[in-house]
>>> print(open('upload.csv').read())   # CSV, C-alpha atoms
chain,number,residue,atom,x,y,z
G,1,MET,CA,-27.4,-15.3,-8.9
G,2,PRO,CA,-28.9,-16.8,-12.0
G,3,GLU,CA,-31.2,-19.8,-11.7
G,4,GLY,CA,-29.4,-22.9,-10.5
G,5,GLY,CA,-26.4,-20.9,-9.3
G,6,ARG,CA,-24.9,-20.8,-12.8
G,7,ILE,CA,-22.5,-17.9,-13.5
G,8,PRO,CA,-23.6,-16.0,-16.6
G,9,LYS,CA,-21.3,-16.0,-19.7
G,10,PRO,CA,-18.8,-13.2,-19.4
G,11,ARG,CA,-19.3,-10.2,-21.6
G,12,ALA,CA,-16.8,-10.1,-24.4
G,13,ALA,CA,-14.1,-7.5,-23.9
G,14,LEU,CA,-13.7,-6.4,-27.6
G,15,THR,CA,-10.9,-4.2,-28.5
G,16,THR,CA,-12.0,-3.3,-32.0
G,17,ALA,CA,-14.7,-1.0,-33.1
G,18,THR,CA,-16.8,-0.2,-36.2
G,19,SER,CA,-15.0,1.9,-38.7
G,20,ARG,CA,-17.3,4.8,-38.0
G,21,GLY,CA,-16.8,4.6,-34.2
G,22,LEU,CA,-13.0,4.1,-34.5
G,23,VAL,CA,-12.6,7.1,-36.8
G,24,LEU,CA,-14.8,9.3,-34.5
G,25,ASP,CA,-12.8,8.3,-31.5
G,26,LEU,CA,-9.5,9.1,-33.2
G,27,ILE,CA,-10.7,12.5,-34.3
G,28,ARG,CA,-11.9,13.2,-30.8
G,29,SER,CA,-8.8,12.1,-29.1
G,30,ALA,CA,-6.1,13.2,-31.6
G,31,GLY,CA,-7.7,16.0,-33.6
G,32,PRO,CA,-7.4,18.2,-35.5
G,33,ILE,CA,-6.2,15.5,-37.8
G,34,SER,CA,-6.2,15.0,-41.6
G,35,ARG,CA,-7.9,12.2,-43.5
G,36,VAL,CA,-4.5,11.0,-44.7
G,37,GLU,CA,-3.2,10.6,-41.1
G,38,LEU,CA,-6.5,8.9,-40.1
G,39,ALA,CA,-6.0,6.4,-42.9
G,40,GLU,CA,-2.4,5.8,-41.8
G,41,ARG,CA,-3.3,5.2,-38.1
G,42,THR,CA,-6.3,3.0,-38.8
G,43,GLY,CA,-5.1,1.0,-41.8
G,44,PHE,CA,-8.3,1.9,-43.7
G,45,THR,CA,-8.1,2.7,-47.4
G,46,GLN,CA,-8.5,6.4,-48.5
G,47,ALA,CA,-11.9,5.4,-50.1
G,48,THR,CA,-13.2,4.0,-46.8
G,49,MET,CA,-11.9,7.0,-44.9
G,50,SER,CA,-13.6,9.4,-47.2
G,51,THR,CA,-16.9,7.6,-46.9
G,52,VAL,CA,-16.7,7.4,-43.1
G,53,VAL,CA,-15.7,11.1,-42.7
G,54,ARG,CA,-18.4,12.2,-45.1
G,55,GLN,CA,-21.0,10.3,-42.9
G,56,LEU,CA,-19.7,11.9,-39.7
G,57,ILE,CA,-19.8,15.4,-41.2
G,58,ARG,CA,-23.3,14.8,-42.5
G,59,GLU,CA,-24.4,13.8,-38.9
G,60,GLY,CA,-22.9,17.0,-37.6
G,61,LEU,CA,-20.4,15.1,-35.3
G,62,VAL,CA,-17.3,16.2,-37.2
G,63,ARG,CA,-16.3,19.5,-38.9
G,64,GLU,CA,-13.4,20.8,-41.0
G,65,ALA,CA,-11.0,22.9,-38.9
G,66,GLY,CA,-8.8,24.6,-41.4
G,67,ARG,CA,-5.7,23.3,-43.1
G,68,SER,CA,-2.3,22.0,-42.0
G,69,GLU,CA,0.8,24.0,-42.7
G,70,SER,CA,2.3,23.3,-46.1
G,71,THR,CA,5.4,21.1,-46.2
G,72,GLY,CA,5.8,21.6,-50.0
G,73,GLY,CA,2.6,19.9,-51.1
G,74,LYS,CA,-1.0,20.9,-50.9
G,75,PRO,CA,-2.0,21.6,-47.3
G,76,ARG,CA,-4.3,18.9,-45.8
G,77,VAL,CA,-7.8,19.6,-44.5
G,78,LEU,CA,-7.9,19.0,-40.8
G,79,LEU,CA,-10.9,17.5,-39.0
G,80,GLU,CA,-12.2,17.9,-35.4
G,81,VAL,CA,-15.3,16.9,-33.5
G,82,ASP,CA,-17.9,19.5,-32.9
G,83,PRO,CA,-18.0,19.3,-29.1
G,84,ASP,CA,-21.5,20.7,-28.9
G,85,ALA,CA,-23.0,18.3,-31.4
G,86,ARG,CA,-23.9,15.8,-28.8
G,87,PHE,CA,-24.1,15.6,-25.0
G,88,ALA,CA,-24.3,12.8,-22.4
G,89,VAL,CA,-25.6,12.6,-18.9
G,90,GLY,CA,-23.7,10.7,-16.2
G,91,ILE,CA,-25.2,9.7,-12.9
G,92,GLN,CA,-23.2,8.4,-10.0
G,93,LEU,CA,-25.6,6.5,-7.7
G,94,GLY,CA,-24.5,6.1,-4.1
G,95,ALA,CA,-25.8,5.8,-0.5
G,96,ASP,CA,-23.7,8.9,0.2
G,97,PHE,CA,-24.5,11.1,-2.8
G,98,ILE,CA,-26.2,11.1,-6.2
G,99,THR,CA,-24.1,13.1,-8.6
G,100,PHE,CA,-25.3,14.3,-12.0
G,101,VAL,CA,-23.0,15.6,-14.8
G,102,VAL,CA,-23.4,16.6,-18.4
G,103,THR,CA,-20.4,16.3,-20.8
G,104,ASN,CA,-20.1,17.2,-24.4
G,105,LEU,CA,-18.8,15.1,-27.3
G,106,SER,CA,-15.2,15.9,-26.5
G,107,GLY,CA,-15.7,14.7,-22.9
G,108,ALA,CA,-15.5,18.1,-21.3
G,109,LEU,CA,-17.6,18.7,-18.2
G,110,VAL,CA,-20.5,21.1,-19.1
G,111,GLY,CA,-22.2,21.2,-15.8
G,112,GLY,CA,-23.4,19.1,-12.9
G,113,THR,CA,-25.1,18.9,-9.5
G,114,ARG,CA,-25.0,16.7,-6.5
G,115,ILE,CA,-27.8,15.7,-4.0
G,116,ARG,CA,-27.8,13.6,-0.9
G,117,GLY,CA,-27.7,9.8,-1.5
G,118,VAL,CA,-30.5,7.4,-1.9
G,119,GLY,CA,-30.8,6.5,1.8
G,120,PRO,CA,-33.6,4.1,2.7
G,121,SER,CA,-36.1,5.6,0.2
G,122,ASP,CA,-38.1,3.4,-2.2
G,123,PRO,CA,-36.1,2.9,-5.5
G,124,ASP,CA,-39.1,4.0,-7.7
G,125,LEU,CA,-39.4,7.3,-5.8
G,126,THR,CA,-35.6,7.8,-6.1
G,127,VAL,CA,-35.8,7.2,-9.9
G,128,ALA,CA,-38.5,9.8,-10.2
G,129,ARG,CA,-36.4,12.2,-8.3
G,130,MET,CA,-33.4,11.4,-10.5
G,131,ALA,CA,-35.5,12.0,-13.7
G,132,ALA,CA,-36.6,15.4,-12.4
G,133,GLN,CA,-33.1,16.3,-11.6
G,134,VAL,CA,-31.8,15.3,-15.1
G,135,ASP,CA,-34.6,17.4,-16.7
G,136,ALA,CA,-33.8,20.4,-14.5
G,137,LEU,CA,-30.1,20.2,-15.2
G,138,LEU,CA,-30.5,20.0,-19.0
G,139,THR,CA,-32.9,22.9,-18.9
G,140,GLY,CA,-30.6,25.0,-16.8
G,141,LEU,CA,-27.7,24.3,-19.1
G,142,GLY,CA,-29.7,25.0,-22.2
G,143,VAL,CA,-29.0,21.6,-23.6
G,144,ALA,CA,-31.8,20.4,-26.0
G,145,PRO,CA,-32.9,16.8,-25.3
G,146,GLY,CA,-32.5,16.0,-29.0
G,147,ARG,CA,-28.7,16.4,-28.6
G,148,VAL,CA,-28.5,14.1,-25.6
G,149,VAL,CA,-27.3,10.6,-26.7
G,150,GLY,CA,-28.3,9.0,-23.4
G,151,ILE,CA,-27.7,8.5,-19.7
G,152,GLY,CA,-24.9,6.5,-18.2
G,153,ILE,CA,-25.3,5.3,-14.6
G,154,ALA,CA,-22.5,4.3,-12.3
G,155,ALA,CA,-23.6,2.2,-9.4
G,156,PRO,CA,-22.0,0.1,-6.7
G,157,GLY,CA,-21.8,-3.6,-7.4
G,158,PRO,CA,-22.6,-6.4,-7.7
G,159,LEU,CA,-24.5,-5.8,-10.9
G,160,ASP,CA,-26.1,-7.8,-13.6
G,161,LEU,CA,-25.2,-5.9,-16.7
G,162,ASP,CA,-27.2,-8.1,-19.0
G,163,SER,CA,-30.5,-7.3,-17.3
G,164,GLY,CA,-29.4,-3.8,-16.2
G,165,SER,CA,-30.1,-4.6,-12.5
G,166,LEU,CA,-28.5,-4.0,-9.1
G,167,LEU,CA,-28.1,-7.3,-7.4
G,168,ALA,CA,-27.2,-6.9,-3.7
G,169,PRO,CA,-25.1,-3.8,-3.2
G,170,PRO,CA,-24.0,-3.7,0.5
G,171,THR,CA,-24.6,0.0,0.7
G,172,LEU,CA,-28.0,0.0,-1.1
G,173,ALA,CA,-30.0,-2.8,0.6
G,174,ALA,CA,-33.4,-1.5,-0.7
G,175,TRP,CA,-32.2,-1.8,-4.3
G,176,ARG,CA,-31.7,-5.5,-4.3
G,177,ASP,CA,-32.5,-7.0,-7.8
G,178,PHE,CA,-33.8,-3.6,-8.9
G,179,PRO,CA,-33.9,-3.1,-12.7
G,180,ILE,CA,-32.4,0.4,-12.7
G,181,ARG,CA,-31.6,0.6,-16.4
G,182,ASP,CA,-35.1,0.1,-17.6
G,183,ALA,CA,-36.6,2.2,-14.8
G,184,VAL,CA,-34.5,5.2,-15.6
G,185,ARG,CA,-35.1,4.7,-19.3
G,186,ARG,CA,-38.9,4.7,-18.8
G,187,ALA,CA,-38.7,7.8,-16.5
G,188,THR,CA,-36.5,9.9,-18.8
G,189,GLY,CA,-37.1,8.6,-22.3
G,190,PHE,CA,-33.3,8.4,-23.0
G,191,PRO,CA,-31.2,5.4,-23.8
G,192,VAL,CA,-29.5,4.2,-20.5
G,193,THR,CA,-26.5,2.1,-19.8
G,194,ILE,CA,-25.1,1.0,-16.4
G,195,ASP,CA,-21.8,0.0,-15.1
G,196,ASN,CA,-19.9,-0.5,-11.8
G,197,ASP,CA,-18.9,2.9,-10.3
G,198,ALA,CA,-15.2,2.0,-10.1
G,199,THR,CA,-15.2,0.6,-13.7
G,200,ALA,CA,-17.0,3.7,-14.9
G,201,ALA,CA,-14.3,5.9,-13.2
G,202,ALA,CA,-11.6,3.9,-14.9
G,203,ILE,CA,-13.3,4.3,-18.3
G,204,GLY,CA,-13.5,8.1,-17.7
G,205,GLU,CA,-9.7,8.1,-17.1
G,206,PHE,CA,-9.2,6.3,-20.4
G,207,TRP,CA,-11.6,8.5,-22.3
G,208,SER,CA,-9.8,11.6,-21.1
G,209,GLY,CA,-6.5,10.3,-22.2
G,210,SER,CA,-4.9,10.5,-18.7
G,211,ILE,CA,-3.9,6.9,-18.6
G,212,ALA,CA,-2.8,6.6,-22.3
G,213,GLY,CA,0.2,4.4,-22.7
G,214,THR,CA,-0.2,2.5,-19.5
G,215,ALA,CA,0.0,-1.3,-19.7
G,216,ALA,CA,-1.8,-2.2,-16.4
G,217,HIS,CA,-4.0,0.4,-14.7
G,218,CYS,CA,-6.3,0.4,-11.7
G,219,THR,CA,-8.7,3.1,-10.6
G,220,VAL,CA,-9.3,2.7,-6.8
G,221,TYR,CA,-12.7,4.1,-6.1
G,222,MET,CA,-14.0,5.0,-2.6
G,223,GLY,CA,-17.5,6.4,-2.2
G,224,ALA,CA,-19.8,4.7,0.4
G,225,GLY,CA,-17.8,1.5,-0.3
G,226,ILE,CA,-14.5,0.6,-1.9
G,227,GLY,CA,-13.9,-0.9,-5.3
G,228,SER,CA,-11.6,-0.7,-8.3
G,229,GLY,CA,-11.8,-0.6,-12.1
G,230,ILE,CA,-9.0,-2.4,-13.9
G,231,VAL,CA,-7.8,-1.7,-17.4
G,232,LEU,CA,-5.3,-4.1,-18.9
G,233,GLY,CA,-3.7,-3.5,-22.2
G,234,GLY,CA,-6.4,-0.9,-23.0
G,235,THR,CA,-9.3,-3.2,-22.3
G,236,VAL,CA,-11.4,-3.2,-19.1
G,237,TYR,CA,-11.0,-6.5,-17.2
G,238,ARG,CA,-14.5,-7.5,-16.0
G,239,GLY,CA,-14.2,-11.0,-14.7
G,240,ALA,CA,-16.7,-13.9,-15.1
G,241,SER,CA,-19.8,-11.8,-14.3
G,242,SER,CA,-18.5,-8.2,-14.8
G,243,ASN,CA,-18.0,-7.8,-11.1
G,244,ALA,CA,-14.2,-7.8,-10.9
G,245,GLY,CA,-12.2,-5.4,-8.8
G,246,GLU,CA,-14.0,-5.4,-5.4
G,247,ILE,CA,-10.9,-4.8,-3.3
G,248,GLY,CA,-13.0,-3.6,-0.5
G,249,GLN,CA,-14.1,-7.2,0.0
G,250,LEU,CA,-10.6,-8.4,0.6
G,251,TRP,CA,-10.4,-10.0,4.0
G,252,VAL,CA,-7.8,-9.0,6.5
G,253,SER,CA,-6.9,-11.4,9.3
G,254,ALA,CA,-7.7,-10.5,12.8
G,255,PRO,CA,-4.6,-9.3,14.6
G,256,ASP,CA,-4.7,-12.0,17.3
G,257,GLY,CA,-5.7,-14.7,14.8
G,258,ALA,CA,-9.1,-15.2,16.5
G,259,GLY,CA,-12.1,-15.1,14.2
G,260,PRO,CA,-12.3,-14.4,10.5
G,261,GLY,CA,-11.1,-10.8,10.7
G,262,ALA,CA,-12.7,-8.1,8.6
G,263,THR,CA,-12.8,-6.8,5.1
G,264,VAL,CA,-10.8,-3.8,4.0
G,265,GLU,CA,-14.1,-1.9,3.6
G,266,ASP,CA,-15.0,-2.8,7.2
G,267,LEU,CA,-11.8,-1.2,8.4
G,268,ALA,CA,-11.1,1.6,6.0
G,269,GLY,CA,-14.5,2.6,4.6
G,270,PRO,CA,-16.4,5.8,5.5
G,271,LYS,CA,-18.8,4.0,7.8
G,272,ALA,CA,-16.0,2.4,9.7
G,273,ILE,CA,-14.2,5.7,10.2
G,274,ALA,CA,-17.4,7.5,11.3
G,275,ALA,CA,-18.2,4.7,13.8
G,276,SER,CA,-14.7,4.9,15.2
G,277,ALA,CA,-15.0,8.7,15.5
G,278,ARG,CA,-18.2,8.4,17.5
G,279,ALA,CA,-16.8,5.7,19.7
G,280,GLY,CA,-13.6,7.7,20.4
G,281,LEU,CA,-15.5,10.9,21.2
G,282,ALA,CA,-17.8,8.9,23.5
G,283,GLU,CA,-14.8,7.6,25.3
G,284,GLY,CA,-13.5,11.1,25.9
G,285,ARG,CA,-11.0,11.5,23.1
G,286,ARG,CA,-10.1,15.2,22.7
G,287,SER,CA,-10.8,16.5,19.2
G,288,ALA,CA,-12.2,19.6,17.4
G,289,VAL,CA,-14.4,17.2,15.3
G,290,GLU,CA,-18.2,17.9,15.7
G,291,LEU,CA,-20.1,15.1,14.2
G,292,SER,CA,-23.5,15.4,12.5
G,293,PRO,CA,-26.5,15.5,14.9
G,294,GLU,CA,-28.4,13.2,12.5
G,295,GLU,CA,-25.6,10.6,12.8
G,296,ASP,CA,-25.1,10.5,9.0
G,297,PRO,CA,-22.0,8.3,8.6
G,298,PHE,CA,-21.0,9.8,5.3
G,299,LEU,CA,-21.3,13.4,6.5
G,300,ASP,CA,-19.4,12.3,9.6
G,301,PHE,CA,-16.6,10.9,7.4
G,302,GLU,CA,-16.4,14.3,5.6
G,303,LEU,CA,-16.2,16.1,8.9
G,304,VAL,CA,-13.4,13.8,10.1
G,305,ALA,CA,-11.5,14.1,6.8
G,306,ALA,CA,-11.7,17.9,6.9
G,307,ALA,CA,-10.5,17.9,10.5
G,308,ALA,CA,-7.6,15.6,9.6
G,309,VAL,CA,-6.5,17.9,6.8
G,310,ASP,CA,-6.6,20.8,9.3
G,311,GLY,CA,-4.3,18.7,11.6
G,312,ASP,CA,-6.6,17.6,14.3
G,313,PRO,CA,-4.7,14.7,16.0
G,314,PHE,CA,-7.6,12.4,16.6
G,315,ALA,CA,-9.1,12.9,13.1
G,316,LEU,CA,-5.6,12.5,11.5
G,317,GLU,CA,-5.2,9.2,13.4
G,318,LEU,CA,-8.5,7.9,12.0
G,319,ILE,CA,-7.8,8.9,8.4
G,320,THR,CA,-4.2,7.6,8.6
G,321,ARG,CA,-5.5,4.2,9.8
G,322,SER,CA,-8.0,4.1,6.9
G,323,ALA,CA,-5.3,5.1,4.4
G,324,ASP,CA,-2.9,2.4,5.7
G,325,HIS,CA,-5.5,-0.4,5.4
G,326,LEU,CA,-6.4,0.8,1.9
G,327,ALA,CA,-2.7,1.0,1.0
G,328,THR,CA,-2.3,-2.7,2.0
G,329,ALA,CA,-5.0,-3.6,-0.5
G,330,ILE,CA,-3.5,-1.4,-3.2
G,331,VAL,CA,-0.1,-3.1,-2.8
G,332,ALA,CA,-1.7,-6.5,-3.0
G,333,VAL,CA,-3.5,-5.6,-6.3
G,334,ALA,CA,-0.4,-3.9,-7.7
G,335,ASN,CA,1.6,-7.1,-7.1
G,336,ILE,CA,-1.0,-9.5,-8.5
G,337,LEU,CA,-1.6,-7.4,-11.7
G,338,ASP,CA,1.9,-5.8,-12.0
G,339,LEU,CA,0.3,-2.4,-12.2
G,340,ASP,CA,2.1,0.6,-13.6
G,341,SER,CA,-0.7,3.1,-13.0
G,342,ILE,CA,-3.1,3.8,-10.1
G,343,VAL,CA,-5.7,6.6,-9.8
G,344,LEU,CA,-7.6,7.4,-6.6
G,345,ALA,CA,-11.2,8.5,-7.4
G,346,GLY,CA,-14.5,8.9,-5.6
G,347,PRO,CA,-16.2,11.4,-3.3
G,348,SER,CA,-14.5,10.0,-0.2
G,349,PHE,CA,-11.2,11.1,-1.5
G,350,ALA,CA,-12.4,14.6,-2.2
G,351,THR,CA,-11.2,16.2,1.0
G,352,ALA,CA,-8.4,13.9,2.4
G,353,GLY,CA,-7.3,12.4,-0.9
G,354,PRO,CA,-3.7,13.7,-0.6
G,355,LEU,CA,-3.3,11.8,2.7
G,356,TYR,CA,-4.4,8.6,1.0
G,357,LEU,CA,-2.1,9.3,-1.9
G,358,VAL,CA,0.9,9.7,0.3
G,359,ALA,CA,0.1,6.4,2.1
G,360,ALA,CA,-0.3,4.5,-1.1
G,361,GLU,CA,3.0,5.9,-2.6
G,362,ARG,CA,4.9,5.1,0.6
G,363,ARG,CA,3.6,1.5,0.8
G,364,LEU,CA,4.2,0.9,-2.9
G,365,ALA,CA,7.8,2.1,-2.6
G,366,GLU,CA,8.3,-0.4,0.2
G,367,GLY,CA,6.2,-3.4,-0.9
G,368,PHE,CA,5.7,-3.4,-4.7
G,369,PHE,CA,7.4,-6.6,-5.9
G,370,ALA,CA,8.6,-5.3,-9.3
G,371,ARG,CA,9.9,-2.0,-8.0
G,372,ALA,CA,13.4,-2.8,-9.2
G,373,ARG,CA,12.0,-3.0,-12.7
G,374,HIS,CA,9.5,-0.1,-12.8
G,375,ARG,CA,7.6,2.2,-10.6
G,376,VAL,CA,3.8,2.6,-10.2
G,377,GLN,CA,2.5,6.1,-10.9
G,378,VAL,CA,-0.2,7.0,-8.4
G,379,ARG,CA,-2.3,10.2,-8.6
G,380,LEU,CA,-5.7,11.6,-7.7
G,381,SER,CA,-8.3,11.8,-10.5
G,382,ALA,CA,-8.8,15.2,-12.1
G,383,HIS,CA,-12.5,14.8,-11.3
G,384,VAL,CA,-12.0,13.0,-8.0
G,385,ALA,CA,-15.4,13.5,-6.5
G,386,ASP,CA,-17.3,13.1,-9.7
G,387,ALA,CA,-15.1,10.5,-11.5
G,388,ALA,CA,-17.7,7.8,-11.8
G,389,ALA,CA,-20.4,10.2,-13.1
G,390,VAL,CA,-17.9,11.6,-15.7
G,391,GLY,CA,-17.0,8.0,-16.6
G,392,ALA,CA,-20.6,7.0,-16.9
G,393,ALA,CA,-21.2,9.9,-19.4
G,394,ALA,CA,-18.1,8.7,-21.4
G,395,LEU,CA,-19.6,5.2,-21.3
G,396,ILE,CA,-22.8,6.2,-22.9
G,397,LEU,CA,-21.0,8.5,-25.5
G,398,HIS,CA,-18.9,5.6,-26.5
G,399,GLN,CA,-21.7,3.0,-26.6
G,400,GLU,CA,-24.0,5.2,-28.6
G,401,LEU,CA,-21.5,6.9,-31.0
G,402,ALA,CA,-18.6,4.5,-31.2
G,403,PRO,CA,-20.0,1.0,-30.6
G,404,HIS,CA,-17.9,-2.1,-30.9
G,405,SER,CA,-18.3,-4.6,-33.6
G,406,ALA,CA,-16.6,-7.9,-34.1
G,407,GLY,CA,-14.9,-8.3,-37.4
G,408,GLN,CA,-13.3,-4.9,-37.7
G,409,THR,CA,-9.6,-4.5,-37.1
G,410,ALA,CA,-7.4,-1.5,-36.6
G,411,PRO,CA,-3.9,-2.6,-35.8
G,412,ARG,CA,-2.4,0.8,-35.3
G,413,ALA,CA,-5.3,2.5,-33.5
G,414,ARG,CA,-5.5,2.7,-29.7
G,415,ARG,CA,-7.6,0.2,-28.0
G,416,LEU,CA,-11.0,1.0,-26.6
G,417,PRO,CA,-12.0,-0.2,-23.1
G,418,ILE,CA,-15.7,-1.1,-23.2
>>> encode(input="upload.csv", output="structure tokens")
Amino acid sequence: MPEGGRIPKPRAALTTATSRGLVLDLIRSAGPISRVELAERTGFTQATMSTVVRQLIREGLVREAGRSESTGGKPRVLLEVDPDARFAVGIQLGADFITFVVTNLSGALVGGTRIRGVGPSDPDLTVARMAAQVDALLTGLGVAPGRVVGIGIAAPGPLDLDSGSLLAPPTLAAWRDFPIRDAVRRATGFPVTIDNDATAAAIGEFWSGSIAGTAAHCTVYMGAGIGSGIVLGGTVYRGASSNAGEIGQLWVSAPDGAGPGATVEDLAGPKAIAASARAGLAEGRRSAVELSPEEDPFLDFELVAAAAVDGDPFALELITRSADHLATAIVAVANILDLDSIVLAGPSFATAGPLYLVAAERRLAEGFFARARHRVQVRLSAHVADAAAVGAAALILHQELAPHSAGQTAPRARRLPI
């Protein structure tokens, strides 16, 4: 918390971009596209459009891609991004796993790797390990460092985005107040940006175009903890300190009314399910689940999830309980924000995601307040396990290549979520 307990000024959620950034994003998302159509969709003059396109071609970001079919006049020259002109690294930092991905300018996944999570290790040692992993990944993919625009890091909250620090993430106790943005920048030499893992996953969904046209979207993210990224009207909703969406911290009343109850994360998160599995097996519950000898809660959760998918009754009971608690939180958020789109993302959905999906769909069909007016589309992320890393890469691509700037307007262009 800042000195004196004062909440920092919220970051502006701008929905306009520089002319260069706006045109680049439109070519990326809608190309191949002509200069005439770009001018029509942005409202820019032909002279401005020609100047911007010339700059993008000179930088090697955009190239000509043939001509459109003739409709009686002169065929128009079409433009597209050169996907291999630039690359971005996305890192998904978690207690369970650290995931590394490389994406190209079009947002396509070029390659990636995953290692075990940070655990109790010293943050500086982990940063050195992360830097070595980034170097090895880029070398293995044959990506020249000069074509890498930077590194995006998705981390569990709460975060201080102004200082680039982790504040007090419940699943990463050793990282309290750690300035991860500057530490990774020094270790790698690349520009670095950070964001909440759930928000990064939501930005990745937007960048890919999978939630285009939605009015109110929420990406529910479950890794070691549970959070959500919220996109309203094409703009990320961040809250007063850029820490909105922590649905795992919603409190659920104790069944008997005694005591304060527990949070959704306490009941539905991987640690809770792993603990319940160990307790049940110790009490003699019959199950094919064999938990990890090192008592790793995240590995235990994977094992329980796999057994549930295979139909083991005890494992299925545990995952169903988790899915029901999470569905309760999802319905609450859907009703508060009048959502029309929900995506489930995160490594903890990688195995048993379909079971969570069914539970969410069932509960929304029963309990969504505006269901007589519209339905809520629910689906699993295309990059379910790596969604935050892919989103973090999209974040750095957008920040470095299509930065926002106050004062530019583009009434007919799609909004951008940063």
>>> residues_near_point(input="upload.csv", point="(-11.4, 12.2, -12.7)", cutoff="10 Å", atoms="all atoms listed in the file", output="list in words")
Ala201, Ala202, Ile203, Gly204, Glu205, Phe206, Ser208, Ser210, Thr219, Val343, Leu344, Ala345, Gly346, Leu380, Ser381, Ala382, His383, Val384, Ala385, Asp386, Ala387, Ala388, Ala389, Val390 and Gly391 of chain G
>>> closest_residue(input="upload.csv", among="G:Gly227, G:Leu397, G:Ala305, G:Gly284", to="G:Thr103", atoms="all atoms listed in the file")
G:Leu397
>>> residues_around(input="upload.csv", residues="G:Ala174", least_positions_apart="3", cutoff="10 Å", atoms="all atoms listed in the file", output="ChimeraX atom specification")
/G:118-123,168-171,177-178
>>> closest_atom_pairs(input="upload.csv", of="stretch 23-85 of chain G", to="stretch 129-149 of chain G", cutoff="12 Å", atoms="only C-alpha atoms", output="tab-separated table")
residue	atom	partner	partner_atom	distance
G:Glu59	CA	G:Arg147	CA	11.5
G:Gly60	CA	G:Arg147	CA	10.7
G:Leu61	CA	G:Arg147	CA	10.7
G:Pro83	CA	G:Arg147	CA	11.1
G:Asp84	CA	G:Arg147	CA	8.4
G:Ala85	CA	G:Arg147	CA	6.6
>>> closest_residue(input="upload.csv", among="G:Ser341, G:Ser29, G:Gln92, G:Ser228", to="G:Ser106", atoms="all atoms listed in the file")
G:Ser29
>>> atom_distance(input="upload.csv", atom1="atom CA of G:Asp312", atom2="atom CA of G:Ile226")
24.8 Å
>>> atom_distance(input="upload.csv", atom1="atom CA of G:Ala307", atom2="atom CA of G:Gly353")
13.1 Å
>>> atom_distance(input="upload.csv", atom1="atom CA of G:Val376", atom2="atom CA of G:Leu364")
7.5 Å
>>> closest_residue(input="upload.csv", among="G:Leu337, G:Val81, G:Ile330, G:Gln399", to="G:Leu232", atoms="all atoms listed in the file")
G:Leu337
>>> closest_residue(input="upload.csv", among="G:Thr99, G:Arg76, G:Pro313, G:Arg116", to="G:Glu37", atoms="all atoms listed in the file")
G:Arg76
>>> residues_around(input="upload.csv", residues="G:Val102", least_positions_apart="3", cutoff="6 Å", atoms="only C-alpha atoms", output="ChimeraX atom specification")
/G:88-89,110-111
>>> closest_residue(input="upload.csv", among="G:Ala65, G:Leu172, G:Ala275, G:Ile91", to="G:Pro297", atoms="all atoms listed in the file")
G:Ala275
>>> closest_residue(input="upload.csv", among="G:Ile336, G:Ala360, G:Ile194, G:Leu291", to="G:Asp182", atoms="all atoms listed in the file")
G:Ile194
>>> residues_around(input="upload.csv", residues="G:Arg181", least_positions_apart="6", cutoff="8 Å", atoms="only C-alpha atoms", output="MDAnalysis selection string")
chainID G and resid 164:165 192:194
>>> residues_near_point(input="upload.csv", point="(-37.1, 6.9, -10.9)", cutoff="9 Å", atoms="all atoms listed in the file", output="PyMOL selection string")
chain G and resi 123-132+180+183-188
